[in-house]
>>> print(open('structure.cif').read())   # mmCIF, C-alpha atoms
data_input
#
loop_
_atom_site.label_atom_id
_atom_site.label_comp_id
_atom_site.auth_asym_id
_atom_site.auth_seq_id
_atom_site.Cartn_x
_atom_site.Cartn_y
_atom_site.Cartn_z
CA MET D 1 73.89 85.75 114.40
CA ARG D 2 74.23 85.21 110.66
CA VAL D 3 75.42 87.39 107.80
CA LEU D 4 72.46 89.17 106.25
CA GLU D 5 74.40 91.56 103.99
CA LEU D 6 78.01 92.17 102.93
CA TRP D 7 79.26 95.56 101.74
CA ARG D 8 82.54 96.92 100.44
CA TYR D 9 83.31 100.58 99.80
CA PRO D 10 86.15 100.75 97.24
CA VAL D 11 86.56 104.54 97.55
CA LYS D 12 86.41 106.10 100.99
CA SER D 13 83.10 107.91 101.69
CA LEU D 14 81.51 106.96 98.36
CA GLN D 15 78.63 104.51 97.98
CA GLY D 16 79.72 100.89 97.81
CA GLN D 17 78.84 97.47 96.47
CA ARG D 18 76.62 94.83 98.01
CA LEU D 19 78.13 91.36 97.72
CA ASP D 20 76.98 87.76 98.03
CA ALA D 21 80.45 86.55 99.07
CA VAL D 22 83.93 88.05 99.41
CA ASP D 23 87.45 87.17 100.47
CA VAL D 24 88.41 88.84 103.74
CA GLY D 25 92.10 89.48 104.40
CA THR D 26 94.26 91.36 106.86
CA GLN D 27 93.24 94.69 105.25
CA GLY D 28 89.54 93.82 105.37
CA LEU D 29 87.13 92.87 102.60
CA ALA D 30 88.87 92.54 99.24
CA GLY D 31 88.73 95.96 97.57
CA ASP D 32 87.35 97.79 100.60
CA ARG D 33 88.64 101.35 101.19
CA GLN D 34 91.49 100.77 98.75
CA TRP D 35 91.14 104.22 97.17
CA ALA D 36 90.42 107.72 98.45
CA LEU D 37 90.09 111.22 97.06
CA PHE D 38 92.68 113.77 98.15
CA ASP D 39 92.60 117.54 97.84
CA ARG D 40 95.65 118.45 95.75
CA SER D 41 95.97 121.91 97.33
CA THR D 42 95.95 120.79 100.99
CA GLY D 43 97.08 117.16 100.78
CA TYR D 44 94.17 116.12 102.98
CA GLY D 45 91.98 113.15 102.20
CA LEU D 46 88.30 113.88 101.74
CA THR D 47 85.46 112.28 103.66
CA ALA D 48 81.74 112.93 103.78
CA ARG D 49 82.26 114.48 107.20
CA ARG D 50 83.54 117.54 105.39
CA VAL D 51 82.26 116.93 101.83
CA PRO D 52 78.75 115.43 102.00
CA ASP D 53 78.48 115.32 98.20
CA LEU D 54 80.81 112.31 98.22
CA LEU D 55 77.93 110.14 99.38
CA PHE D 56 76.06 110.83 96.14
CA ALA D 57 78.70 109.14 93.99
CA ALA D 58 79.43 105.42 93.96
CA ALA D 59 82.55 103.31 93.47
CA ARG D 60 82.83 99.90 91.88
CA LEU D 61 85.66 97.52 91.13
CA ARG D 62 86.44 96.79 87.50
CA ALA D 63 87.19 93.35 86.13
CA ASP D 64 90.89 94.25 85.92
CA GLY D 65 91.03 95.00 89.66
CA GLY D 66 90.93 98.76 89.24
CA VAL D 67 88.18 101.09 90.34
CA GLU D 68 85.83 103.59 88.74
CA VAL D 69 83.73 106.35 90.23
CA VAL D 70 80.13 106.72 89.10
CA LEU D 71 79.02 110.33 89.49
CA PRO D 72 75.43 111.34 90.31
CA ASP D 73 74.72 111.97 86.59
CA GLY D 74 75.82 108.44 85.70
CA THR D 75 79.26 109.34 84.35
CA ALA D 76 81.84 106.63 85.14
CA THR D 77 85.36 108.01 85.47
CA THR D 78 88.75 107.91 87.13
CA ASP D 79 89.86 111.20 85.57
CA ASP D 80 91.07 113.68 88.19
CA ASP D 81 89.90 116.68 86.15
CA VAL D 82 86.38 115.29 85.86
CA LEU D 83 86.30 114.51 89.58
CA SER D 84 87.65 118.00 90.36
CA ASP D 85 84.95 119.64 88.25
CA TRP D 86 82.30 117.64 90.07
CA LEU D 87 83.52 118.60 93.55
CA GLY D 88 84.60 122.16 92.70
CA ARG D 89 88.11 121.68 94.09
CA PRO D 90 91.34 120.12 92.76
CA VAL D 91 91.29 116.45 93.74
CA THR D 92 93.14 113.29 92.84
CA LEU D 93 92.12 109.66 93.24
CA ARG D 94 94.85 107.71 95.05
CA ALA D 95 95.32 104.02 95.80
CA ALA D 96 96.20 102.78 99.27
CA ASP D 97 99.24 100.88 98.01
CA VAL D 98 100.63 104.15 96.58
CA GLU D 99 99.69 106.54 99.41
CA ARG D 100 101.99 104.99 102.01
CA GLY D 101 102.77 107.98 104.26
CA PRO D 102 100.62 109.43 107.05
CA ARG D 103 97.05 110.08 105.91
CA HIS D 104 95.22 113.10 107.20
CA TYR D 105 91.55 113.67 106.48
CA GLU D 106 89.37 116.74 106.64
CA ALA D 107 86.87 116.47 109.48
CA PRO D 108 84.50 118.95 111.13
CA ASP D 109 83.53 118.45 114.74
CA ASP D 110 79.97 117.46 115.54
CA ASP D 111 78.59 121.00 115.53
CA GLU D 112 80.27 121.61 112.13
CA ASP D 113 81.28 125.16 113.09
CA VAL D 114 84.99 124.31 113.22
CA TRP D 115 87.09 121.57 111.69
CA ASP D 116 90.45 119.95 112.02
CA ALA D 117 92.23 116.97 110.48
CA PHE D 118 92.59 113.48 111.90
CA GLU D 119 95.16 110.81 111.04
CA GLY D 120 93.85 107.55 109.64
CA ALA D 121 95.24 104.04 109.46
CA SER D 122 98.02 102.83 107.23
CA GLY D 123 97.19 100.31 104.52
CA ALA D 124 93.55 100.46 103.41
CA PHE D 125 91.95 103.85 104.03
CA HIS D 126 90.21 102.98 107.30
CA ASP D 127 89.80 105.60 110.01
CA SER D 128 91.34 103.39 112.70
CA SER D 129 94.24 100.94 112.61
CA ARG D 130 92.20 98.72 114.95
CA ILE D 131 89.32 98.32 112.50
CA ARG D 132 89.56 96.44 109.20
CA VAL D 133 86.06 94.94 109.28
CA SER D 134 82.99 96.56 110.82
CA LEU D 135 79.92 94.62 111.96
CA VAL D 136 76.48 95.74 113.07
CA SER D 137 73.26 93.84 113.78
CA THR D 138 69.66 94.44 112.87
CA GLY D 139 68.84 94.35 116.58
CA THR D 140 71.15 97.28 117.27
CA LEU D 141 69.93 99.31 114.29
CA GLY D 142 66.24 99.01 115.07
CA THR D 143 64.43 101.38 112.70
CA TRP D 144 67.57 103.19 111.54
CA ASP D 145 68.56 102.63 107.92
CA ARG D 146 71.72 100.48 107.89
CA ARG D 147 73.12 102.56 105.00
CA ARG D 148 73.84 105.44 107.37
CA PHE D 149 76.49 103.39 109.17
CA ARG D 150 78.38 101.83 106.24
CA ALA D 151 79.26 98.62 108.04
CA ASN D 152 80.91 95.82 106.07
CA VAL D 153 78.79 93.11 107.68
CA LEU D 154 75.13 93.36 108.60
CA LEU D 155 74.20 90.58 111.00
CA ASP D 156 70.70 89.21 111.45
CA GLY D 157 70.14 89.17 115.21
CA SER D 158 71.65 91.14 118.07
CA GLY D 159 74.52 91.12 120.52
CA GLU D 160 77.61 92.33 118.66
CA ASP D 161 78.48 94.77 121.47
CA GLY D 162 79.23 91.80 123.69
CA LEU D 163 81.80 90.47 121.21
CA VAL D 164 84.35 93.19 122.00
CA GLY D 165 87.48 91.52 123.35
CA SER D 166 86.65 88.13 121.82
CA THR D 167 87.78 86.12 118.79
CA VAL D 168 85.08 84.84 116.43
CA ARG D 169 84.79 82.88 113.23
CA LEU D 170 82.78 84.22 110.32
CA GLY D 171 82.70 81.88 107.36
CA GLY D 172 86.32 81.00 106.63
CA ALA D 173 87.75 84.07 108.39
CA VAL D 174 88.71 84.59 112.01
CA LEU D 175 88.14 88.05 113.51
CA ASP D 176 89.54 89.67 116.63
CA VAL D 177 86.79 92.06 117.72
CA LEU D 178 88.71 94.91 119.33
CA LYS D 179 86.49 97.94 119.84
CA PRO D 180 83.15 99.65 119.40
CA VAL D 181 82.98 102.00 116.42
CA SER D 182 82.88 105.67 117.41
CA ARG D 183 80.33 107.72 115.50
CA CYS D 184 80.50 111.24 114.11
CA VAL D 185 78.54 113.70 112.01
CA MET D 186 78.76 111.42 108.97
CA VAL D 187 75.81 109.30 110.16
CA THR D 188 73.58 112.37 109.90
CA ARG D 189 74.35 113.00 106.22
CA PRO D 190 71.74 112.65 103.45
CA GLN D 191 72.31 109.85 100.95
CA PRO D 192 70.69 108.59 97.75
CA GLY D 193 67.60 106.46 98.07
CA GLY D 194 65.62 108.76 100.33
CA ILE D 195 67.96 109.01 103.32
CA ALA D 196 67.44 112.54 104.65
CA ARG D 197 69.69 114.63 106.84
CA ASP D 198 68.95 113.70 110.47
CA ASN D 199 70.96 115.21 113.32
CA GLY D 200 68.86 113.25 115.80
CA VAL D 201 70.63 110.01 114.88
CA LEU D 202 73.96 111.19 116.28
CA LYS D 203 72.37 112.84 119.31
CA THR D 204 70.66 109.56 120.19
CA ILE D 205 73.90 107.58 119.75
CA HIS D 206 75.72 110.03 122.02
CA ARG D 207 72.98 109.92 124.64
CA GLU D 208 72.03 106.26 124.64
CA ARG D 209 75.08 104.39 123.35
CA GLY D 210 78.12 106.32 124.60
CA SER D 211 78.81 107.66 121.09
CA THR D 212 79.42 104.22 119.54
CA LEU D 213 77.47 101.93 117.23
CA ALA D 214 78.77 98.72 115.54
CA VAL D 215 82.02 96.94 116.38
CA GLY D 216 85.37 96.81 114.60
CA ALA D 217 87.70 93.87 114.11
CA LEU D 218 91.09 92.84 112.78
CA VAL D 219 91.57 89.70 110.69
CA PRO D 220 94.29 87.34 112.00
CA VAL D 221 93.11 84.49 109.76
CA PRO D 222 91.88 85.42 106.26
CA GLY D 223 89.05 83.52 104.62
CA ARG D 224 85.96 83.76 102.48
CA VAL D 225 82.69 85.04 103.94
CA ALA D 226 79.25 84.70 102.38
CA VAL D 227 75.71 85.79 103.10
CA GLY D 228 74.16 83.22 105.44
CA ASP D 229 77.39 82.37 107.26
CA ALA D 230 77.05 82.06 111.02
CA LEU D 231 79.15 84.03 113.50
CA THR D 232 80.54 81.58 116.06
CA PRO D 233 83.27 81.52 118.73
CA ALA D 234 86.67 80.76 117.22
#
>>> encode(input="structure.cif", output="structure tokens")
Amino acid sequence: MRVLELWRYPVKSLQGQRLDAVDVGTQGLAGDRQWALFDRSTGYGLTARRVPDLLFAAARLRADGGVEVVLPDGTATTDDDVLSDWLGRPVTLRAADVERGPRHYEAPDDDEDVWDAFEGASGAFHDSSRIRVSLVSTGTLGTWDRRRFRANVLLDGSGEDGLVGSTVRLGGAVLDVLKPVSRCVMVTRPQPGGIARDNGVLKTIHRERGSTLAVGALVPVPGRVAVGDALTPA
């Protein structure tokens, strides 16, 4: 398998940036999930599980290493008041290197009738401490739009499920592939670019794939990864 696309998502649950090449470190792709929006009244982080509107804004890194949020109307901002007005709740944009304590995120269950909070990883705002890079193949996706699954690495080919428990090299980085990625209601959410709400996606994943799709890895050896790089045994 080879790298077909690379994606980073600077702000959790917002649209991300497609890259030609990127440095991959112990926290994942440089700039990936380094910021998140938090509700100031509850202290919970927001995700598109609970707030689907997040998927209609985008995040991009600035030249100075900071981030800006691009709202659906094209406004680029980091102002908490502007972001709060957009979402209709008091929110603040926080960086992972500042938000060091336990992170709890709003999350409905799959039927969306009830919701609870889950605790995410330390460091970058990943859901799991065992996933810093996510990989999925075109063979696994089939006709599904890869944007629903927000993987960092799209591989041309198939067979990533069989990598779980192995160590692989991707470009200059070495990855320990630790687990399949569990899927939730987020994959059913509508997104820009004609992606409609589709509850059947999650039902199919539950029924045919044991509720997982894509694989997650840690990065014991950082390095640079580029489109076209081959995935090989380490």
>>> residues_around(input="structure.cif", residues="range 228-231 of chain D", least_positions_apart="6", cutoff="6 Å", atoms="only C-alpha atoms", output="mmCIF file with C-alpha atoms, in the coordinates of the input")
data_model
loop_
_atom_site.group_PDB
_atom_site.id
_atom_site.type_symbol
_atom_site.label_atom_id
_atom_site.label_comp_id
_atom_site.auth_asym_id
_atom_site.auth_seq_id
_atom_site.Cartn_x
_atom_site.Cartn_y
_atom_site.Cartn_z
ATOM 1 C CA MET D 1 73.890 85.750 114.400
ATOM 2 C CA ARG D 2 74.230 85.210 110.660
ATOM 3 C CA VAL D 3 75.420 87.390 107.800
ATOM 4 C CA ARG D 169 84.790 82.880 113.230
ATOM 5 C CA LEU D 170 82.780 84.220 110.320
ATOM 6 C CA GLY D 171 82.700 81.880 107.360
#
>>> resolve_selection(input="structure.cif", expression="the PyMOL selection byres ((chain D and resi 47) around 8)", output="ChimeraX atom specification")
/D:12-13,45-46,48-52,54,105-107
>>> residues_near_point(input="structure.cif", point="(82.4, 99.4, 116.5)", cutoff="8 Å", atoms="only C-alpha atoms", output="ChimeraX atom specification")
/D:134-136,161,179-182,212-216
>>> write_last_selection(input="structure.cif", atoms="C-alpha atoms", output="PDB file, in the frame of the given file")
ATOM      1  CA  SER D 134      82.990  96.560 110.820  1.00  0.00           C
ATOM      2  CA  LEU D 135      79.920  94.620 111.960  1.00  0.00           C
ATOM      3  CA  VAL D 136      76.480  95.740 113.070  1.00  0.00           C
ATOM      4  CA  ASP D 161      78.480  94.770 121.470  1.00  0.00           C
ATOM      5  CA  LYS D 179      86.490  97.940 119.840  1.00  0.00           C
ATOM      6  CA  PRO D 180      83.150  99.650 119.400  1.00  0.00           C
ATOM      7  CA  VAL D 181      82.980 102.000 116.420  1.00  0.00           C
ATOM      8  CA  SER D 182      82.880 105.670 117.410  1.00  0.00           C
ATOM      9  CA  THR D 212      79.420 104.220 119.540  1.00  0.00           C
ATOM     10  CA  LEU D 213      77.470 101.930 117.230  1.00  0.00           C
ATOM     11  CA  ALA D 214      78.770  98.720 115.540  1.00  0.00           C
ATOM     12  CA  VAL D 215      82.020  96.940 116.380  1.00  0.00           C
ATOM     13  CA  GLY D 216      85.370  96.810 114.600  1.00  0.00           C
TER      14      GLY D 216
END
>>> closest_residue(input="structure.cif", among="D:Ser41, D:Val133, D:Asp198, D:Gln34", to="Glu68 in chain D", atoms="all atoms listed in the file")
D:Gln34
>>> resolve_selection(input="structure.cif", expression="the PyMOL selection byres ((chain D and resi 233) around 7)", output="ChimeraX atom specification")
/D:167-169,232,234
>>> resolve_selection(input="structure.cif", expression="the PyMOL selection byres ((chain D and resi 20) around 8)", output="PyMOL selection string")
chain D and resi 5-6+18-19+21-22+226-227
>>> closest_residue(input="structure.cif", among="D:Arg60, D:Trp7, D:Leu14, D:Leu202", to="Leu155 in chain D", atoms="only C-alpha atoms")
D:Trp7
>>> atom_distance(input="structure.cif", atom1="CA of Val91 in chain D", atom2="CA of Arg40 in chain D")
5.2 Å
>>> closest_residue(input="structure.cif", among="D:Thr204, D:Thr143, D:Thr138, D:Gln17", to="Gly157 in chain D", atoms="only C-alpha atoms")
D:Thr138
>>> closest_residue(input="structure.cif", among="D:Asp79, D:Asp145, D:Glu160, D:Asp32", to="Thr92 in chain D", atoms="all atoms listed in the file")
D:Asp79
>>> atom_distance(input="structure.cif", atom1="CA of Gly123 in chain D", atom2="CA of Asp53 in chain D")
24.8 Å
>>> atom_distance(input="structure.cif", atom1="CA of Asn152 in chain D", atom2="CA of Gly194 in chain D")
20.8 Å
>>> closest_residue(input="structure.cif", among="D:Leu37, D:Ala121, D:Tyr44, D:Cys184", to="Gly200 in chain D", atoms="all atoms listed in the file")
D:Cys184
>>> residues_around(input="structure.cif", residues="His104 in chain D", least_positions_apart="6", cutoff="12 Å", atoms="only C-alpha atoms", output="mmCIF file with C-alpha atoms, in the frame of the given file")
data_model
loop_
_atom_site.group_PDB
_atom_site.id
_atom_site.type_symbol
_atom_site.label_atom_id
_atom_site.label_comp_id
_atom_site.auth_asym_id
_atom_site.auth_seq_id
_atom_site.Cartn_x
_atom_site.Cartn_y
_atom_site.Cartn_z
ATOM 1 C CA ALA D 36 90.420 107.720 98.450
ATOM 2 C CA LEU D 37 90.090 111.220 97.060
ATOM 3 C CA PHE D 38 92.680 113.770 98.150
ATOM 4 C CA ASP D 39 92.600 117.540 97.840
ATOM 5 C CA THR D 42 95.950 120.790 100.990
ATOM 6 C CA GLY D 43 97.080 117.160 100.780
ATOM 7 C CA TYR D 44 94.170 116.120 102.980
ATOM 8 C CA GLY D 45 91.980 113.150 102.200
ATOM 9 C CA LEU D 46 88.300 113.880 101.740
ATOM 10 C CA THR D 47 85.460 112.280 103.660
ATOM 11 C CA ASP D 116 90.450 119.950 112.020
ATOM 12 C CA ALA D 117 92.230 116.970 110.480
ATOM 13 C CA PHE D 118 92.590 113.480 111.900
ATOM 14 C CA GLU D 119 95.160 110.810 111.040
ATOM 15 C CA GLY D 120 93.850 107.550 109.640
ATOM 16 C CA ALA D 121 95.240 104.040 109.460
ATOM 17 C CA SER D 122 98.020 102.830 107.230
ATOM 18 C CA PHE D 125 91.950 103.850 104.030
ATOM 19 C CA HIS D 126 90.210 102.980 107.300
ATOM 20 C CA ASP D 127 89.800 105.600 110.010
ATOM 21 C CA SER D 128 91.340 103.390 112.700
#
>>> closest_residue(input="structure.cif", among="D:Gly165, D:Arg183, D:Trp86, D:Thr26", to="Gly210 in chain D", atoms="all atoms listed in the file")
D:Arg183
>>> build_atoms(input="structure.cif", residues="range 3-14 of chain D", atoms="all heavy atoms", output="PDB file, in the coordinates of the input")
ATOM      1  N   VAL D   3      75.186  86.285 108.734  1.00  0.00           N
ATOM      2  CA  VAL D   3      75.420  87.390 107.800  1.00  0.00           C
ATOM      3  C   VAL D   3      74.174  87.610 106.952  1.00  0.00           C
ATOM      4  O   VAL D   3      73.741  86.712 106.219  1.00  0.00           O
ATOM      5  CB  VAL D   3      76.625  87.093 106.887  1.00  0.00           C
ATOM      6  CG1 VAL D   3      76.806  88.228 105.875  1.00  0.00           C
ATOM      7  CG2 VAL D   3      77.888  86.903 107.708  1.00  0.00           C
ATOM      8  N   LEU D   4      73.621  88.804 107.053  1.00  0.00           N
ATOM      9  CA  LEU D   4      72.460  89.170 106.250  1.00  0.00           C
ATOM     10  C   LEU D   4      72.879  89.924 104.990  1.00  0.00           C
ATOM     11  O   LEU D   4      72.333  89.706 103.908  1.00  0.00           O
ATOM     12  CB  LEU D   4      71.513  90.033 107.090  1.00  0.00           C
ATOM     13  CG  LEU D   4      70.163  90.380 106.487  1.00  0.00           C
ATOM     14  CD1 LEU D   4      69.345  89.115 106.238  1.00  0.00           C
ATOM     15  CD2 LEU D   4      69.396  91.326 107.414  1.00  0.00           C
ATOM     16  N   GLU D   5      73.874  90.805 105.126  1.00  0.00           N
ATOM     17  CA  GLU D   5      74.400  91.560 103.990  1.00  0.00           C
ATOM     18  C   GLU D   5      75.906  91.738 104.135  1.00  0.00           C
ATOM     19  O   GLU D   5      76.421  91.827 105.264  1.00  0.00           O
ATOM     20  CB  GLU D   5      73.749  92.958 103.891  1.00  0.00           C
ATOM     21  CG  GLU D   5      72.266  92.937 103.615  1.00  0.00           C
ATOM     22  CD  GLU D   5      71.655  94.341 103.587  1.00  0.00           C
ATOM     23  OE1 GLU D   5      72.410  95.331 103.662  1.00  0.00           O
ATOM     24  OE2 GLU D   5      70.422  94.428 103.493  1.00  0.00           O
ATOM     25  N   LEU D   6      76.595  91.841 102.991  1.00  0.00           N
ATOM     26  CA  LEU D   6      78.010  92.170 102.930  1.00  0.00           C
ATOM     27  C   LEU D   6      78.210  93.382 102.040  1.00  0.00           C
ATOM     28  O   LEU D   6      77.630  93.459 100.950  1.00  0.00           O
ATOM     29  CB  LEU D   6      78.816  90.991 102.351  1.00  0.00           C
ATOM     30  CG  LEU D   6      78.939  89.736 103.206  1.00  0.00           C
ATOM     31  CD1 LEU D   6      79.467  88.577 102.358  1.00  0.00           C
ATOM     32  CD2 LEU D   6      79.867  89.992 104.391  1.00  0.00           C
ATOM     33  N   TRP D   7      79.054  94.318 102.490  1.00  0.00           N
ATOM     34  CA  TRP D   7      79.260  95.560 101.740  1.00  0.00           C
ATOM     35  C   TRP D   7      80.749  95.902 101.711  1.00  0.00           C
ATOM     36  O   TRP D   7      81.439  95.814 102.732  1.00  0.00           O
ATOM     37  CB  TRP D   7      78.523  96.722 102.421  1.00  0.00           C
ATOM     38  CG  TRP D   7      77.042  96.648 102.260  1.00  0.00           C
ATOM     39  CD1 TRP D   7      76.157  95.966 103.050  1.00  0.00           C
ATOM     40  CD2 TRP D   7      76.272  97.275 101.234  1.00  0.00           C
ATOM     41  NE1 TRP D   7      74.876  96.138 102.594  1.00  0.00           N
ATOM     42  CE2 TRP D   7      74.912  96.944 101.466  1.00  0.00           C
ATOM     43  CE3 TRP D   7      76.599  98.080 100.143  1.00  0.00           C
ATOM     44  CZ2 TRP D   7      73.880  97.389 100.646  1.00  0.00           C
ATOM     45  CZ3 TRP D   7      75.567  98.533  99.328  1.00  0.00           C
ATOM     46  CH2 TRP D   7      74.224  98.186  99.580  1.00  0.00           C
ATOM     47  N   ARG D   8      81.221  96.316 100.535  1.00  0.00           N
ATOM     48  CA  ARG D   8      82.540  96.920 100.440  1.00  0.00           C
ATOM     49  C   ARG D   8      82.398  98.303  99.840  1.00  0.00           C
ATOM     50  O   ARG D   8      81.502  98.563  99.025  1.00  0.00           O
ATOM     51  CB  ARG D   8      83.511  96.065  99.636  1.00  0.00           C
ATOM     52  CG  ARG D   8      83.270  96.060  98.142  1.00  0.00           C
ATOM     53  CD  ARG D   8      84.427  95.393  97.414  1.00  0.00           C
ATOM     54  NE  ARG D   8      84.007  94.977  96.077  1.00  0.00           N
ATOM     55  CZ  ARG D   8      84.338  93.829  95.519  1.00  0.00           C
ATOM     56  NH1 ARG D   8      85.093  92.968  96.169  1.00  0.00           N
ATOM     57  NH2 ARG D   8      83.903  93.526  94.306  1.00  0.00           N
ATOM     58  N   TYR D   9      83.306  99.185 100.233  1.00  0.00           N
ATOM     59  CA  TYR D   9      83.310 100.580  99.800  1.00  0.00           C
ATOM     60  C   TYR D   9      84.680 100.858  99.178  1.00  0.00           C
ATOM     61  O   TYR D   9      85.606 101.278  99.870  1.00  0.00           O
ATOM     62  CB  TYR D   9      83.021 101.493 100.987  1.00  0.00           C
ATOM     63  CG  TYR D   9      81.682 101.202 101.614  1.00  0.00           C
ATOM     64  CD1 TYR D   9      81.564 100.278 102.656  1.00  0.00           C
ATOM     65  CD2 TYR D   9      80.523 101.803 101.146  1.00  0.00           C
ATOM     66  CE1 TYR D   9      80.326  99.983 103.218  1.00  0.00           C
ATOM     67  CE2 TYR D   9      79.283 101.513 101.694  1.00  0.00           C
ATOM     68  CZ  TYR D   9      79.194 100.605 102.735  1.00  0.00           C
ATOM     69  OH  TYR D   9      77.964 100.312 103.282  1.00  0.00           O
ATOM     70  N   PRO D  10      84.828 100.642  97.861  1.00  0.00           N
ATOM     71  CA  PRO D  10      86.150 100.750  97.240  1.00  0.00           C
ATOM     72  C   PRO D  10      86.808 102.113  97.423  1.00  0.00           C
ATOM     73  O   PRO D  10      88.026 102.192  97.603  1.00  0.00           O
ATOM     74  CB  PRO D  10      85.873 100.444  95.769  1.00  0.00           C
ATOM     75  CG  PRO D  10      84.654  99.571  95.787  1.00  0.00           C
ATOM     76  CD  PRO D  10      83.816 100.130  96.901  1.00  0.00           C
ATOM     77  N   VAL D  11      86.018 103.193  97.360  1.00  0.00           N
ATOM     78  CA  VAL D  11      86.560 104.540  97.550  1.00  0.00           C
ATOM     79  C   VAL D  11      85.981 105.121  98.832  1.00  0.00           C
ATOM     80  O   VAL D  11      84.755 105.146  99.018  1.00  0.00           O
ATOM     81  CB  VAL D  11      86.240 105.467  96.353  1.00  0.00           C
ATOM     82  CG1 VAL D  11      86.765 106.883  96.614  1.00  0.00           C
ATOM     83  CG2 VAL D  11      86.846 104.913  95.071  1.00  0.00           C
ATOM     84  N   LYS D  12      86.837 105.579  99.693  1.00  0.00           N
ATOM     85  CA  LYS D  12      86.410 106.100 100.990  1.00  0.00           C
ATOM     86  C   LYS D  12      85.324 107.158 100.843  1.00  0.00           C
ATOM     87  O   LYS D  12      85.450 108.100 100.057  1.00  0.00           O
ATOM     88  CB  LYS D  12      87.625 106.697 101.714  1.00  0.00           C
ATOM     89  CG  LYS D  12      87.378 107.058 103.175  1.00  0.00           C
ATOM     90  CD  LYS D  12      88.669 107.500 103.824  1.00  0.00           C
ATOM     91  CE  LYS D  12      88.488 107.834 105.294  1.00  0.00           C
ATOM     92  NZ  LYS D  12      88.140 106.616 106.073  1.00  0.00           N
ATOM     93  N   SER D  13      84.236 106.990 101.585  1.00  0.00           N
ATOM     94  CA  SER D  13      83.100 107.910 101.690  1.00  0.00           C
ATOM     95  C   SER D  13      82.159 107.905 100.486  1.00  0.00           C
ATOM     96  O   SER D  13      81.149 108.596 100.494  1.00  0.00           O
ATOM     97  CB  SER D  13      83.545 109.353 101.963  1.00  0.00           C
ATOM     98  OG  SER D  13      83.828 109.525 103.331  1.00  0.00           O
ATOM     99  N   LEU D  14      82.458 107.111  99.449  1.00  0.00           N
ATOM    100  CA  LEU D  14      81.510 106.960  98.360  1.00  0.00           C
ATOM    101  C   LEU D  14      80.599 105.763  98.633  1.00  0.00           C
ATOM    102  O   LEU D  14      80.874 104.944  99.511  1.00  0.00           O
ATOM    103  CB  LEU D  14      82.249 106.757  97.029  1.00  0.00           C
ATOM    104  CG  LEU D  14      82.625 108.029  96.254  1.00  0.00           C
ATOM    105  CD1 LEU D  14      83.526 108.937  97.077  1.00  0.00           C
ATOM    106  CD2 LEU D  14      83.273 107.673  94.921  1.00  0.00           C
TER     107      LEU D  14
END
